[in-house]
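Asks: Next comes the structure file coords_10.cif, holding mmCIF, C-alpha atoms (C1' of nucleotides).
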data_protein
#
loop_
_atom_site.group_PDB
_atom_site.id
_atom_site.type_symbol
_atom_site.label_atom_id
_atom_site.label_comp_id
_atom_site.auth_asym_id
_atom_site.auth_seq_id
_atom_site.Cartn_x
_atom_site.Cartn_y
_atom_site.Cartn_z
ATOM 1 C CA MET L 24 8.216 -31.266 33.879
ATOM 2 C CA GLY L 25 5.493 -29.647 35.968
ATOM 3 C CA ILE L 26 2.821 -32.219 35.170
ATOM 4 C CA THR L 27 1.260 -34.118 38.049
ATOM 5 C CA LYS L 28 1.284 -37.896 37.564
ATOM 6 C CA THR L 29 -2.388 -38.344 38.417
ATOM 7 C CA THR L 30 -2.656 -41.755 36.768
ATOM 8 C CA TYR L 31 -0.263 -43.203 39.319
ATOM 9 C CA PHE L 32 -2.577 -42.389 42.209
ATOM 10 C CA THR L 33 -5.987 -43.667 43.304
ATOM 11 C CA ASP L 34 -9.225 -41.908 42.379
ATOM 12 C CA GLU L 35 -9.699 -41.033 46.038
ATOM 13 C CA GLN L 36 -6.251 -39.472 46.291
ATOM 14 C CA ASN L 37 -6.798 -37.428 43.141
ATOM 15 C CA GLU L 38 -10.256 -36.319 44.249
ATOM 16 C CA LEU L 39 -9.087 -35.211 47.694
ATOM 17 C CA ALA L 40 -6.174 -33.377 46.064
ATOM 18 C CA ILE L 41 -8.511 -31.537 43.674
ATOM 19 C CA LEU L 42 -10.752 -30.457 46.556
ATOM 20 C CA THR L 43 -7.978 -29.291 48.866
ATOM 21 C CA LYS L 44 -6.094 -27.660 46.020
ATOM 22 C CA ALA L 45 -9.223 -25.685 45.147
ATOM 23 C CA MET L 46 -9.254 -24.360 48.718
ATOM 24 C CA GLY L 47 -5.539 -23.576 48.604
ATOM 25 C CA HIS L 48 -5.687 -19.866 47.793
ATOM 26 C CA PRO L 49 -6.520 -17.020 50.213
ATOM 27 C CA ALA L 50 -9.041 -15.520 47.798
ATOM 28 C CA ARG L 51 -10.905 -18.804 47.590
ATOM 29 C CA ILE L 52 -10.836 -19.207 51.384
ATOM 30 C CA ALA L 53 -12.235 -15.664 51.588
ATOM 31 C CA ILE L 54 -15.017 -16.551 49.138
ATOM 32 C CA ILE L 55 -15.979 -19.603 51.202
ATOM 33 C CA GLN L 56 -15.962 -17.542 54.402
ATOM 34 C CA HIS L 57 -18.072 -14.843 52.799
ATOM 35 C CA LEU L 58 -20.648 -17.343 51.529
ATOM 36 C CA ILE L 59 -20.947 -18.801 55.028
ATOM 37 C CA LYS L 60 -21.451 -15.298 56.422
ATOM 38 C CA VAL L 61 -24.147 -14.134 53.998
ATOM 39 C CA ASN L 62 -25.494 -17.590 53.084
ATOM 40 C CA SER L 63 -25.702 -16.752 49.395
ATOM 41 C CA CYS L 64 -24.928 -13.787 47.211
ATOM 42 C CA ILE L 65 -24.379 -12.798 43.631
ATOM 43 C CA CYS L 66 -20.967 -12.765 42.005
ATOM 44 C CA GLY L 67 -20.811 -8.954 42.009
ATOM 45 C CA ASP L 68 -20.982 -8.885 45.799
ATOM 46 C CA ILE L 69 -17.904 -11.102 45.964
ATOM 47 C CA VAL L 70 -16.092 -8.830 43.512
ATOM 48 C CA ASN L 71 -16.819 -5.904 45.848
ATOM 49 C CA GLU L 72 -15.696 -7.927 48.843
ATOM 50 C CA LEU L 73 -12.313 -8.995 47.421
ATOM 51 C CA PRO L 74 -9.304 -6.865 46.439
ATOM 52 C CA LEU L 75 -9.210 -8.460 42.993
ATOM 53 C CA ALA L 76 -10.512 -7.560 39.548
ATOM 54 C CA GLN L 77 -13.736 -9.053 38.245
ATOM 55 C CA PRO L 78 -12.120 -11.500 35.787
ATOM 56 C CA THR L 79 -9.837 -12.806 38.534
ATOM 57 C CA VAL L 80 -12.764 -13.377 40.886
ATOM 58 C CA SER L 81 -14.685 -15.071 38.097
ATOM 59 C CA GLN L 82 -11.750 -17.415 37.588
ATOM 60 C CA HIS L 83 -11.572 -18.303 41.295
ATOM 61 C CA LEU L 84 -15.318 -18.941 41.358
ATOM 62 C CA LYS L 85 -14.943 -21.253 38.380
ATOM 63 C CA GLU L 86 -12.277 -23.291 40.143
ATOM 64 C CA LEU L 87 -14.364 -23.639 43.296
ATOM 65 C CA LYS L 88 -17.353 -24.654 41.163
ATOM 66 C CA ASN L 89 -15.360 -27.204 39.141
ATOM 67 C CA ALA L 90 -14.147 -28.790 42.355
ATOM 68 C CA GLY L 91 -17.734 -29.015 43.647
ATOM 69 C CA LEU L 92 -17.261 -26.643 46.567
ATOM 70 C CA ILE L 93 -19.747 -23.998 45.410
ATOM 71 C CA LYS L 94 -22.731 -23.920 43.082
ATOM 72 C CA GLY L 95 -24.472 -21.105 41.240
ATOM 73 C CA ASN L 96 -28.057 -20.416 40.195
ATOM 74 C CA PHE L 97 -29.262 -17.856 37.717
ATOM 75 C CA GLU L 98 -31.062 -15.019 39.479
ATOM 76 C CA GLY L 99 -32.257 -12.738 36.699
ATOM 77 C CA ASN L 100 -29.189 -11.674 34.784
ATOM 78 C CA ALA L 101 -26.972 -12.266 37.821
ATOM 79 C CA ILE L 102 -25.701 -15.557 39.216
ATOM 80 C CA CYS L 103 -26.242 -16.412 42.848
ATOM 81 C CA TYR L 104 -23.552 -18.498 44.512
ATOM 82 C CA CYS L 105 -23.629 -20.615 47.665
ATOM 83 C CA LEU L 106 -21.669 -23.506 49.169
ATOM 84 C CA ASP L 107 -22.061 -26.953 47.622
ATOM 85 C CA GLU L 108 -22.259 -29.602 50.335
ATOM 86 C CA ASN L 109 -21.260 -32.306 47.833
ATOM 87 C CA GLY L 110 -17.648 -31.237 47.759
ATOM 88 C CA PHE L 111 -17.376 -30.540 51.469
ATOM 89 C CA ASN L 112 -18.863 -33.912 52.398
ATOM 90 C CA LYS L 113 -16.140 -35.661 50.441
ATOM 91 C CA ILE L 114 -13.405 -33.885 52.395
ATOM 92 C CA LYS L 115 -15.303 -34.286 55.669
ATOM 93 C CA HIS L 116 -14.735 -38.028 55.928
ATOM 94 C CA PHE L 117 -11.036 -37.671 55.255
ATOM 95 C CA PHE L 118 -10.616 -35.114 58.034
ATOM 96 C CA GLN L 119 -12.723 -37.163 60.418
ATOM 97 C CA HIS L 120 -10.396 -40.059 59.691
ATOM 98 C CA ILE L 121 -7.318 -37.917 60.371
ATOM 99 C CA ASN L 122 -8.766 -36.378 63.523
ATOM 100 C CA SER L 123 -9.870 -39.645 65.091
ATOM 101 C CA TYR L 124 -6.414 -41.035 64.341
ATOM 102 C CA LEU L 125 -4.690 -38.069 65.958
ATOM 103 C CA GLU L 126 -6.932 -38.246 69.029
ATOM 104 C CA ASN L 127 -6.515 -41.947 69.675
ATOM 105 C CA GLN L 128 -2.827 -42.017 69.027
ATOM 106 C CA LYS L 129 0.098 -40.654 70.905
ATOM 107 C CA ASN L 130 1.416 -39.258 67.657
ATOM 108 C CA GLN L 131 5.132 -39.542 67.776
ATOM 109 C CA CYS L 132 7.836 -40.340 65.298
ATOM 110 C CA CYS L 133 9.881 -43.540 65.669
ATOM 111 C CA MET M 141 0.995 -12.057 36.864
ATOM 112 C CA GLY M 142 1.111 -15.312 38.800
ATOM 113 C CA ILE M 143 1.877 -13.813 42.189
ATOM 114 C CA THR M 144 -0.727 -14.248 44.905
ATOM 115 C CA LYS M 145 -1.695 -11.004 46.644
ATOM 116 C CA THR M 146 -1.296 -12.404 50.143
ATOM 117 C CA THR M 147 -1.002 -8.996 51.802
ATOM 118 C CA TYR M 148 -4.592 -8.228 50.843
ATOM 119 C CA PHE M 149 -5.927 -11.111 52.881
ATOM 120 C CA THR M 150 -6.123 -11.858 56.597
ATOM 121 C CA ASP M 151 -3.537 -13.983 58.395
ATOM 122 C CA GLU M 152 -6.179 -16.637 58.946
ATOM 123 C CA GLN M 153 -7.079 -16.751 55.258
ATOM 124 C CA ASN M 154 -3.431 -17.038 54.259
ATOM 125 C CA GLU M 155 -2.746 -19.713 56.844
ATOM 126 C CA LEU M 156 -5.718 -21.843 55.831
ATOM 127 C CA ALA M 157 -4.695 -21.453 52.196
ATOM 128 C CA ILE M 158 -1.132 -22.606 52.942
ATOM 129 C CA LEU M 159 -2.408 -25.672 54.781
ATOM 130 C CA THR M 160 -4.984 -26.725 52.184
ATOM 131 C CA LYS M 161 -2.615 -25.950 49.337
ATOM 132 C CA ALA M 162 -0.020 -28.237 50.928
ATOM 133 C CA MET M 163 -2.609 -31.029 50.869
ATOM 134 C CA GLY M 164 -3.533 -30.256 47.268
ATOM 135 C CA HIS M 165 -1.464 -32.860 45.489
ATOM 136 C CA PRO M 166 -2.219 -36.598 45.169
ATOM 137 C CA ALA M 167 1.314 -37.527 46.239
ATOM 138 C CA ARG M 168 0.967 -35.487 49.418
ATOM 139 C CA ILE M 169 -2.462 -36.996 50.135
ATOM 140 C CA ALA M 170 -0.854 -40.419 49.642
ATOM 141 C CA ILE M 171 1.930 -39.529 52.085
ATOM 142 C CA ILE M 172 -0.605 -38.465 54.714
ATOM 143 C CA GLN M 173 -2.629 -41.661 54.192
ATOM 144 C CA HIS M 174 0.491 -43.796 54.457
ATOM 145 C CA LEU M 175 1.595 -42.111 57.674
ATOM 146 C CA ILE M 176 -1.837 -42.767 59.177
ATOM 147 C CA LYS M 177 -1.591 -46.409 58.131
ATOM 148 C CA VAL M 178 1.877 -47.136 59.499
ATOM 149 C CA ASN M 179 1.909 -44.450 62.230
ATOM 150 C CA SER M 180 5.463 -43.387 61.418
ATOM 151 C CA CYS M 181 8.145 -44.393 58.952
ATOM 152 C CA ILE M 182 11.387 -43.248 57.452
ATOM 153 C CA CYS M 183 11.571 -41.247 54.251
ATOM 154 C CA GLY M 184 12.893 -44.215 52.253
ATOM 155 C CA ASP M 185 9.713 -46.179 52.951
ATOM 156 C CA ILE M 186 7.664 -43.378 51.433
ATOM 157 C CA VAL M 187 9.934 -43.319 48.378
ATOM 158 C CA ASN M 188 9.233 -47.052 47.939
ATOM 159 C CA GLU M 189 5.523 -46.491 48.431
ATOM 160 C CA LEU M 190 5.149 -43.721 45.830
ATOM 161 C CA PRO M 191 5.690 -43.853 42.045
ATOM 162 C CA LEU M 192 8.033 -40.868 42.211
ATOM 163 C CA ALA M 193 11.788 -40.382 42.344
ATOM 164 C CA GLN M 194 13.533 -39.739 45.654
ATOM 165 C CA PRO M 195 14.194 -36.005 45.085
ATOM 166 C CA THR M 196 10.533 -35.481 44.199
ATOM 167 C CA VAL M 197 9.349 -37.234 47.348
ATOM 168 C CA SER M 198 11.833 -35.239 49.394
ATOM 169 C CA GLN M 199 10.386 -32.051 47.937
ATOM 170 C CA HIS M 200 6.803 -33.082 48.777
ATOM 171 C CA LEU M 201 7.858 -33.971 52.323
ATOM 172 C CA LYS M 202 9.452 -30.547 52.672
ATOM 173 C CA GLU M 203 6.244 -28.817 51.640
ATOM 174 C CA LEU M 204 4.157 -30.831 54.094
ATOM 175 C CA LYS M 205 6.703 -30.085 56.818
ATOM 176 C CA ASN M 206 6.798 -26.342 56.038
ATOM 177 C CA ALA M 207 3.013 -26.198 56.259
ATOM 178 C CA GLY M 208 3.108 -27.942 59.656
ATOM 179 C CA LEU M 209 1.299 -31.085 58.547
ATOM 180 C CA ILE M 210 4.145 -33.526 59.220
ATOM 181 C CA LYS M 211 7.241 -33.539 61.390
ATOM 182 C CA GLY M 212 10.465 -35.507 61.234
ATOM 183 C CA ASN M 213 12.916 -36.871 63.797
ATOM 184 C CA PHE M 214 16.412 -38.160 63.198
ATOM 185 C CA GLU M 215 16.543 -41.922 63.614
ATOM 186 C CA GLY M 216 20.162 -42.840 63.137
ATOM 187 C CA ASN M 217 21.102 -41.661 59.671
ATOM 188 C CA ALA M 218 17.495 -41.835 58.529
ATOM 189 C CA ILE M 219 14.649 -39.420 59.255
ATOM 190 C CA CYS M 220 11.420 -40.687 60.709
ATOM 191 C CA TYR M 221 8.264 -38.849 59.670
ATOM 192 C CA CYS M 222 4.821 -38.721 61.257
ATOM 193 C CA LEU M 223 1.774 -36.442 61.198
ATOM 194 C CA ASP M 224 1.994 -33.103 62.987
ATOM 195 C CA GLU M 225 -1.212 -32.376 64.859
ATOM 196 C CA ASN M 226 -0.409 -28.649 64.931
ATOM 197 C CA GLY M 227 -1.273 -28.143 61.279
ATOM 198 C CA PHE M 228 -4.298 -30.405 61.289
ATOM 199 C CA ASN M 229 -5.780 -28.728 64.352
ATOM 200 C CA LYS M 230 -5.712 -25.385 62.544
ATOM 201 C CA ILE M 231 -7.727 -26.760 59.634
ATOM 202 C CA LYS M 232 -9.993 -28.720 61.962
ATOM 203 C CA HIS M 233 -11.788 -25.667 63.337
ATOM 204 C CA PHE M 234 -12.401 -24.278 59.878
ATOM 205 C CA PHE M 235 -14.010 -27.506 58.694
ATOM 206 C CA GLN M 236 -16.054 -27.803 61.880
ATOM 207 C CA HIS M 237 -17.323 -24.294 61.158
ATOM 208 C CA ILE M 238 -18.225 -25.215 57.583
ATOM 209 C CA ASN M 239 -19.856 -28.505 58.568
ATOM 210 C CA SER M 240 -21.996 -27.066 61.350
ATOM 211 C CA TYR M 241 -23.087 -24.346 58.931
ATOM 212 C CA LEU M 242 -24.017 -26.868 56.253
ATOM 213 C CA GLU M 243 -25.916 -29.046 58.732
ATOM 214 C CA ASN M 244 -27.980 -26.263 60.282
ATOM 215 C CA GLN M 245 -28.763 -24.537 57.042
ATOM 216 C CA LYS M 246 -30.925 -25.534 54.130
ATOM 217 C CA ASN M 247 -28.075 -24.537 51.857
ATOM 218 C CA GLN M 248 -29.629 -23.026 48.782
ATOM 219 C CA CYS M 249 -28.774 -20.196 46.457
ATOM 220 C CA CYS M 250 -31.005 -17.100 46.332
ATOM 221 C "C1'" DT U 80 -34.392 -3.045 19.276
ATOM 222 C "C1'" DA U 81 -30.861 -0.508 21.882
ATOM 223 C "C1'" DT U 82 -29.007 -0.016 26.297
ATOM 224 C "C1'" DT U 83 -27.677 -1.359 30.657
ATOM 225 C "C1'" DT U 84 -26.132 -4.726 34.009
ATOM 226 C "C1'" DA U 85 -23.771 -8.855 35.318
ATOM 227 C "C1'" DT U 86 -20.708 -12.488 34.418
ATOM 228 C "C1'" DA U 87 -17.561 -15.282 31.472
ATOM 229 C "C1'" DT U 88 -13.832 -15.818 28.194
ATOM 230 C "C1'" DT U 89 -9.599 -14.660 25.754
ATOM 231 C "C1'" DG U 90 -4.914 -13.514 25.576
ATOM 232 C "C1'" DC U 91 -0.877 -12.530 27.704
ATOM 233 C "C1'" DA U 92 2.920 -11.582 31.144
ATOM 234 C "C1'" DA U 93 4.858 -12.866 35.512
ATOM 235 C "C1'" DT U 94 5.533 -16.279 38.702
ATOM 236 C "C1'" DA U 95 4.966 -20.937 40.852
ATOM 237 C "C1'" DT U 96 4.849 -25.910 40.753
ATOM 238 C "C1'" DT U 97 6.199 -30.513 39.406
ATOM 239 C "C1'" DA U 98 9.575 -33.822 38.315
ATOM 240 C "C1'" DC U 99 14.083 -35.721 38.054
ATOM 241 C "C1'" DG U 100 19.258 -36.377 37.146
ATOM 242 C "C1'" DA U 101 23.311 -35.111 39.257
ATOM 243 C "C1'" DT U 102 25.396 -34.090 43.301
ATOM 244 C "C1'" DA U 103 26.075 -32.714 48.126
ATOM 245 C "C1'" DA U 104 25.587 -33.573 53.001
ATOM 246 C "C1'" DT U 105 25.167 -36.460 57.005
ATOM 247 C "C1'" DA U 106 25.630 -40.295 59.921
ATOM 248 C "C1'" DA U 107 26.366 -45.122 60.757
ATOM 249 C "C1'" DA U 108 29.222 -49.145 59.791
ATOM 250 C "C1'" DA U 109 33.177 -51.616 58.023
ATOM 251 C "C1'" DT T 18 39.241 -43.394 57.478
ATOM 252 C "C1'" DT T 19 36.794 -45.275 53.682
ATOM 253 C "C1'" DT T 20 32.497 -47.099 52.422
ATOM 254 C "C1'" DT T 21 27.658 -47.447 52.551
ATOM 255 C "C1'" DA T 22 23.074 -45.825 53.321
ATOM 256 C "C1'" DT T 23 19.848 -42.120 53.672
ATOM 257 C "C1'" DT T 24 18.085 -37.696 52.746
ATOM 258 C "C1'" DA T 25 18.551 -32.889 50.964
ATOM 259 C "C1'" DT T 26 19.796 -29.502 47.518
ATOM 260 C "C1'" DC T 27 20.856 -27.673 42.890
ATOM 261 C "C1'" DG T 28 19.842 -26.939 38.266
ATOM 262 C "C1'" DT T 29 16.768 -27.234 34.674
ATOM 263 C "C1'" DA T 30 12.775 -28.330 31.587
ATOM 264 C "C1'" DA T 31 7.861 -28.645 31.196
ATOM 265 C "C1'" DT T 32 3.632 -27.232 32.736
ATOM 266 C "C1'" DA T 33 0.312 -24.714 35.799
ATOM 267 C "C1'" DT T 34 -1.351 -20.732 38.269
ATOM 268 C "C1'" DT T 35 -2.329 -15.922 39.113
ATOM 269 C "C1'" DG T 36 -3.920 -11.574 37.681
ATOM 270 C "C1'" DC T 37 -5.871 -8.257 34.670
ATOM 271 C "C1'" DA T 38 -7.208 -5.477 30.365
ATOM 272 C "C1'" DA T 39 -9.991 -6.122 26.624
ATOM 273 C "C1'" DT T 40 -13.764 -8.238 24.895
ATOM 274 C "C1'" DA T 41 -17.678 -11.378 24.512
ATOM 275 C "C1'" DT T 42 -21.997 -13.186 26.173
ATOM 276 C "C1'" DA T 43 -26.528 -13.198 28.319
ATOM 277 C "C1'" DA T 44 -30.479 -11.388 30.425
ATOM 278 C "C1'" DA T 45 -33.245 -7.628 31.957
ATOM 279 C "C1'" DT T 46 -35.037 -3.107 30.976
ATOM 280 C "C1'" DA T 47 -35.984 1.174 28.622
#
If you convert what's in this file into structure tokens, what do you get?

Replies:
Amino acid sequence: MGITKTTYFTDEQNELAILTKAMGHPARIAIIQHLIKVNSCICGDIVNELPLAQPTVSQHLKELKNAGLIKGNFEGNAICYCLDENGFNKIKHFFQHINSYLENQKNQCC
Amino acid sequence: MGITKTTYFTDEQNELAILTKAMGHPARIAIIQHLIKVNSCICGDIVNELPLAQPTVSQHLKELKNAGLIKGNFEGNAICYCLDENGFNKIKHFFQHINSYLENQKNQCC
DNA sequence: TATTTATATTGCAATATTACGATAATAAAA
DNA sequence: TTTTATTATCGTAATATTGCAATATAAATA
């Protein structure tokens, strides 16, 4: 069927899935890494940085933006992108939860 | 074309993408949350916990296991699952990097 | 206004993912 | 050894994702 049963899960579960799914492609990881490196840059710089065509990069940027992981401002006729802390803060708490669990627990199966 | 150009990206980018992609489904987030809650449990418990059929759950468990986010031990004829710190430690550093960047930086576009 | 520059959208082909019924495999118990 | 319980695999249908050429849109500039 191929359709995710989102209604059967909590809002939190769906939101975390959307955020992590948005990160789940090497091109989108590369975009995040590049934005950290240069702080902010226009879309064209990312196109030059990645081994993908402009429409493909535009599509990846859209997915990151929809998830709330990046944001873009108009800079003349170009669009300047940078990280959006909103999205990352939402994931942050989940990972903190996981990490504190793994540290305090001898994590072993049955 | 639908095929990700993994060879064009670094090993680190591909690895982070595999890990985050594996988390990118509400059922797999729910599995991780449940394992944190009960520490470890057999596959059948997860099937009862989720609104999905047994083969579907089995498939999600396989993906989490392949990514290195959970591990399973034989417990009689059942299999006991728990979190695998290996996978989570790999993501941990990436998020620490992102978070320290976002904290130290007035994150604004151009 | 026409042109250039920068980005988004459309349309499509190839591939991947999601979900589940049916069935196989495995190990304990009767 | 047969049965039962537990999990994995196979096969398949429906949907989603990836990638790009072609094209559209929007803003600056000539």

Asks: Please determine, counting all atoms listed in the file, which residue among M:Asn217, M:Ser180, M:His237, M:Val187 has the shortest atom-to-atom distance to DT21 (chain T).

Replies: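 Among the listed residues, the smallest separation from DT21 (chain T) belongs to M:Asn217.
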
Asks: Quick one: pull the distance between CA of Cys250 (chain M) and CA of Phe118 (chain L), Å, one decimal.

Replies: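 These two atoms are separated by 29.6 Å.
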
Asks: I'm after chain M in the frame of chain L: fit it by least squares over all Cα atoms matched in order, and give me the output as a compact mmCIF listing (two decimals) with C-alpha atoms, in the coordinates of the input.

Replies:
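Below is the file that was written, result.txt:
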# COMPACT_ATOMS: atom_id res chain seq x y z
CA MET M 141 8.37 -31.34 34.23
CA GLY M 142 5.49 -29.65 36.01
CA ILE M 143 2.84 -32.21 35.14
CA THR M 144 1.28 -34.13 38.01
CA LYS M 145 1.31 -37.91 37.54
CA THR M 146 -2.35 -38.35 38.42
CA THR M 147 -2.65 -41.76 36.76
CA TYR M 148 -0.25 -43.21 39.33
CA PHE M 149 -2.57 -42.39 42.19
CA THR M 150 -5.97 -43.67 43.30
CA ASP M 151 -9.21 -41.92 42.38
CA GLU M 152 -9.70 -41.04 46.03
CA GLN M 153 -6.25 -39.48 46.29
CA ASN M 154 -6.80 -37.44 43.14
CA GLU M 155 -10.24 -36.33 44.25
CA LEU M 156 -9.08 -35.22 47.69
CA ALA M 157 -6.18 -33.39 46.05
CA ILE M 158 -8.52 -31.54 43.67
CA LEU M 159 -10.75 -30.46 46.54
CA THR M 160 -7.97 -29.29 48.86
CA LYS M 161 -6.10 -27.67 46.01
CA ALA M 162 -9.22 -25.68 45.14
CA MET M 163 -9.26 -24.37 48.71
CA GLY M 164 -5.55 -23.57 48.57
CA HIS M 165 -5.71 -19.88 47.79
CA PRO M 166 -6.51 -17.03 50.20
CA ALA M 167 -9.04 -15.53 47.78
CA ARG M 168 -10.91 -18.83 47.58
CA ILE M 169 -10.84 -19.22 51.37
CA ALA M 170 -12.24 -15.67 51.58
CA ILE M 171 -15.01 -16.56 49.13
CA ILE M 172 -15.98 -19.60 51.19
CA GLN M 173 -15.96 -17.54 54.41
CA HIS M 174 -18.08 -14.84 52.80
CA LEU M 175 -20.64 -17.35 51.53
CA ILE M 176 -20.93 -18.80 55.03
CA LYS M 177 -21.44 -15.31 56.43
CA VAL M 178 -24.13 -14.14 54.01
CA ASN M 179 -25.52 -17.59 53.10
CA SER M 180 -25.71 -16.75 49.40
CA CYS M 181 -24.92 -13.78 47.20
CA ILE M 182 -24.38 -12.79 43.63
CA CYS M 183 -20.96 -12.76 42.00
CA GLY M 184 -20.80 -8.95 42.00
CA ASP M 185 -20.97 -8.88 45.80
CA ILE M 186 -17.91 -11.11 45.96
CA VAL M 187 -16.08 -8.85 43.51
CA ASN M 188 -16.80 -5.92 45.86
CA GLU M 189 -15.69 -7.95 48.85
CA LEU M 190 -12.31 -9.02 47.43
CA PRO M 191 -9.30 -6.88 46.44
CA LEU M 192 -9.20 -8.48 43.00
CA ALA M 193 -10.49 -7.57 39.56
CA GLN M 194 -13.73 -9.06 38.25
CA PRO M 195 -12.12 -11.52 35.78
CA THR M 196 -9.86 -12.83 38.54
CA VAL M 197 -12.77 -13.40 40.90
CA SER M 198 -14.70 -15.08 38.11
CA GLN M 199 -11.77 -17.43 37.58
CA HIS M 200 -11.58 -18.31 41.29
CA LEU M 201 -15.33 -18.95 41.36
CA LYS M 202 -14.96 -21.27 38.38
CA GLU M 203 -12.30 -23.30 40.14
CA LEU M 204 -14.39 -23.65 43.29
CA LYS M 205 -17.37 -24.64 41.16
CA ASN M 206 -15.38 -27.21 39.14
CA ALA M 207 -14.16 -28.80 42.36
CA GLY M 208 -17.75 -29.03 43.65
CA LEU M 209 -17.28 -26.65 46.56
CA ILE M 210 -19.77 -24.00 45.40
CA LYS M 211 -22.75 -23.93 43.08
CA GLY M 212 -24.49 -21.12 41.24
CA ASN M 213 -28.07 -20.39 40.19
CA PHE M 214 -29.28 -17.81 37.72
CA GLU M 215 -31.05 -14.98 39.50
CA GLY M 216 -32.27 -12.70 36.76
CA ASN M 217 -29.20 -11.61 34.84
CA ALA M 218 -26.98 -12.23 37.85
CA ILE M 219 -25.71 -15.53 39.24
CA CYS M 220 -26.26 -16.40 42.86
CA TYR M 221 -23.57 -18.50 44.52
CA CYS M 222 -23.65 -20.62 47.66
CA LEU M 223 -21.68 -23.51 49.17
CA ASP M 224 -22.08 -26.95 47.63
CA GLU M 225 -22.28 -29.60 50.32
CA ASN M 226 -21.28 -32.31 47.83
CA GLY M 227 -17.64 -31.25 47.76
CA PHE M 228 -17.38 -30.55 51.47
CA ASN M 229 -18.88 -33.91 52.40
CA LYS M 230 -16.14 -35.66 50.44
CA ILE M 231 -13.41 -33.88 52.39
CA LYS M 232 -15.31 -34.28 55.65
CA HIS M 233 -14.74 -38.02 55.92
CA PHE M 234 -11.04 -37.67 55.24
CA PHE M 235 -10.61 -35.11 58.01
CA GLN M 236 -12.73 -37.16 60.41
CA HIS M 237 -10.38 -40.06 59.68
CA ILE M 238 -7.31 -37.91 60.35
CA ASN M 239 -8.77 -36.37 63.51
CA SER M 240 -9.87 -39.64 65.08
CA TYR M 241 -6.41 -41.02 64.32
CA LEU M 242 -4.69 -38.05 65.93
CA GLU M 243 -6.93 -38.21 69.01
CA ASN M 244 -6.51 -41.93 69.67
CA GLN M 245 -2.82 -42.01 69.00
CA LYS M 246 0.10 -40.58 70.90
CA ASN M 247 1.39 -39.23 67.61
CA GLN M 248 5.14 -39.50 67.74
CA CYS M 249 7.86 -40.31 65.27
CA CYS M 250 9.89 -43.52 65.67

Asks: Starting from the PyMOL selection byres ((chain T and resi 35) around 10), expand the selection into actual residues of this file and give them as a short mmCIF file (atom, residue, chain, number, x, y, z; two decimals) with C-alpha atoms (C1' of nucleotides), in the frame of the given file.

Replies:
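The resulting selection-v3.cif:
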data_model
loop_
_atom_site.label_atom_id
_atom_site.label_comp_id
_atom_site.auth_asym_id
_atom_site.auth_seq_id
_atom_site.Cartn_x
_atom_site.Cartn_y
_atom_site.Cartn_z
CA THR L 79 -9.84 -12.81 38.53
CA GLN L 82 -11.75 -17.42 37.59
CA HIS L 83 -11.57 -18.30 41.30
CA MET M 141 1.00 -12.06 36.86
CA GLY M 142 1.11 -15.31 38.80
CA ILE M 143 1.88 -13.81 42.19
CA THR M 144 -0.73 -14.25 44.90
CA LYS M 145 -1.70 -11.00 46.64
"C1'" DA U 93 4.86 -12.87 35.51
"C1'" DT U 94 5.53 -16.28 38.70
"C1'" DA U 95 4.97 -20.94 40.85
"C1'" DA T 33 0.31 -24.71 35.80
"C1'" DT T 34 -1.35 -20.73 38.27
"C1'" DG T 36 -3.92 -11.57 37.68
"C1'" DC T 37 -5.87 -8.26 34.67
#

Asks: Using only C-alpha atoms (C1' of nucleotides), which of T:DA25, T:DA39, T:DA44, T:DT20 sits nearest chain M?

Replies: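 Between T:DA25, T:DA39, T:DA44, T:DT20, the residue approaching chain M most closely is T:DA25.
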
Asks: In Å, rounded to a single decimal, give me how far CA of Gly164 (chain M) is from CA of Thr43 (chain L).

Replies: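 Those two atoms sit 4.8 Å apart.
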
Asks: Could you please determine the separation between CA of Pro195 (chain M) and CA of Glu38 (chain L) in Å, to one decimal place?

Replies: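 The value is 24.5 Å.
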
Asks: Take the PyMOL selection byres ((chain L) within 8 of (chain M)), run it mentally on this structure, and tell me the resulting residues as a short mmCIF file (atom, residue, chain, number, x, y, z; two decimals) with C-alpha atoms, keeping the file's coordinate frame.

Replies:
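Contents of out.cif, freshly written:
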data_model
loop_
_atom_site.label_atom_id
_atom_site.label_comp_id
_atom_site.auth_asym_id
_atom_site.auth_seq_id
_atom_site.Cartn_x
_atom_site.Cartn_y
_atom_site.Cartn_z
CA THR L 29 -2.39 -38.34 38.42
CA TYR L 31 -0.26 -43.20 39.32
CA PHE L 32 -2.58 -42.39 42.21
CA GLN L 36 -6.25 -39.47 46.29
CA ASN L 37 -6.80 -37.43 43.14
CA LEU L 39 -9.09 -35.21 47.69
CA ALA L 40 -6.17 -33.38 46.06
CA ILE L 41 -8.51 -31.54 43.67
CA LEU L 42 -10.75 -30.46 46.56
CA THR L 43 -7.98 -29.29 48.87
CA LYS L 44 -6.09 -27.66 46.02
CA ALA L 45 -9.22 -25.68 45.15
CA MET L 46 -9.25 -24.36 48.72
CA GLY L 47 -5.54 -23.58 48.60
CA HIS L 48 -5.69 -19.87 47.79
CA PRO L 49 -6.52 -17.02 50.21
CA ALA L 50 -9.04 -15.52 47.80
CA ILE L 52 -10.84 -19.21 51.38
CA ALA L 53 -12.24 -15.66 51.59
CA ILE L 59 -20.95 -18.80 55.03
CA ASN L 62 -25.49 -17.59 53.08
CA SER L 63 -25.70 -16.75 49.40
CA CYS L 64 -24.93 -13.79 47.21
CA PRO L 74 -9.30 -6.86 46.44
CA LYS L 94 -22.73 -23.92 43.08
CA GLY L 95 -24.47 -21.10 41.24
CA ASN L 96 -28.06 -20.42 40.20
CA GLU L 98 -31.06 -15.02 39.48
CA CYS L 103 -26.24 -16.41 42.85
CA TYR L 104 -23.55 -18.50 44.51
CA CYS L 105 -23.63 -20.62 47.66
CA LEU L 106 -21.67 -23.51 49.17
CA ASP L 107 -22.06 -26.95 47.62
CA GLU L 108 -22.26 -29.60 50.34
CA PHE L 111 -17.38 -30.54 51.47
CA LYS L 115 -15.30 -34.29 55.67
CA PHE L 118 -10.62 -35.11 58.03
CA ILE L 121 -7.32 -37.92 60.37
CA ASN L 122 -8.77 -36.38 63.52
CA TYR L 124 -6.41 -41.04 64.34
CA LEU L 125 -4.69 -38.07 65.96
CA ASN L 130 1.42 -39.26 67.66
CA GLN L 131 5.13 -39.54 67.78
CA CYS L 132 7.84 -40.34 65.30
CA CYS L 133 9.88 -43.54 65.67
#
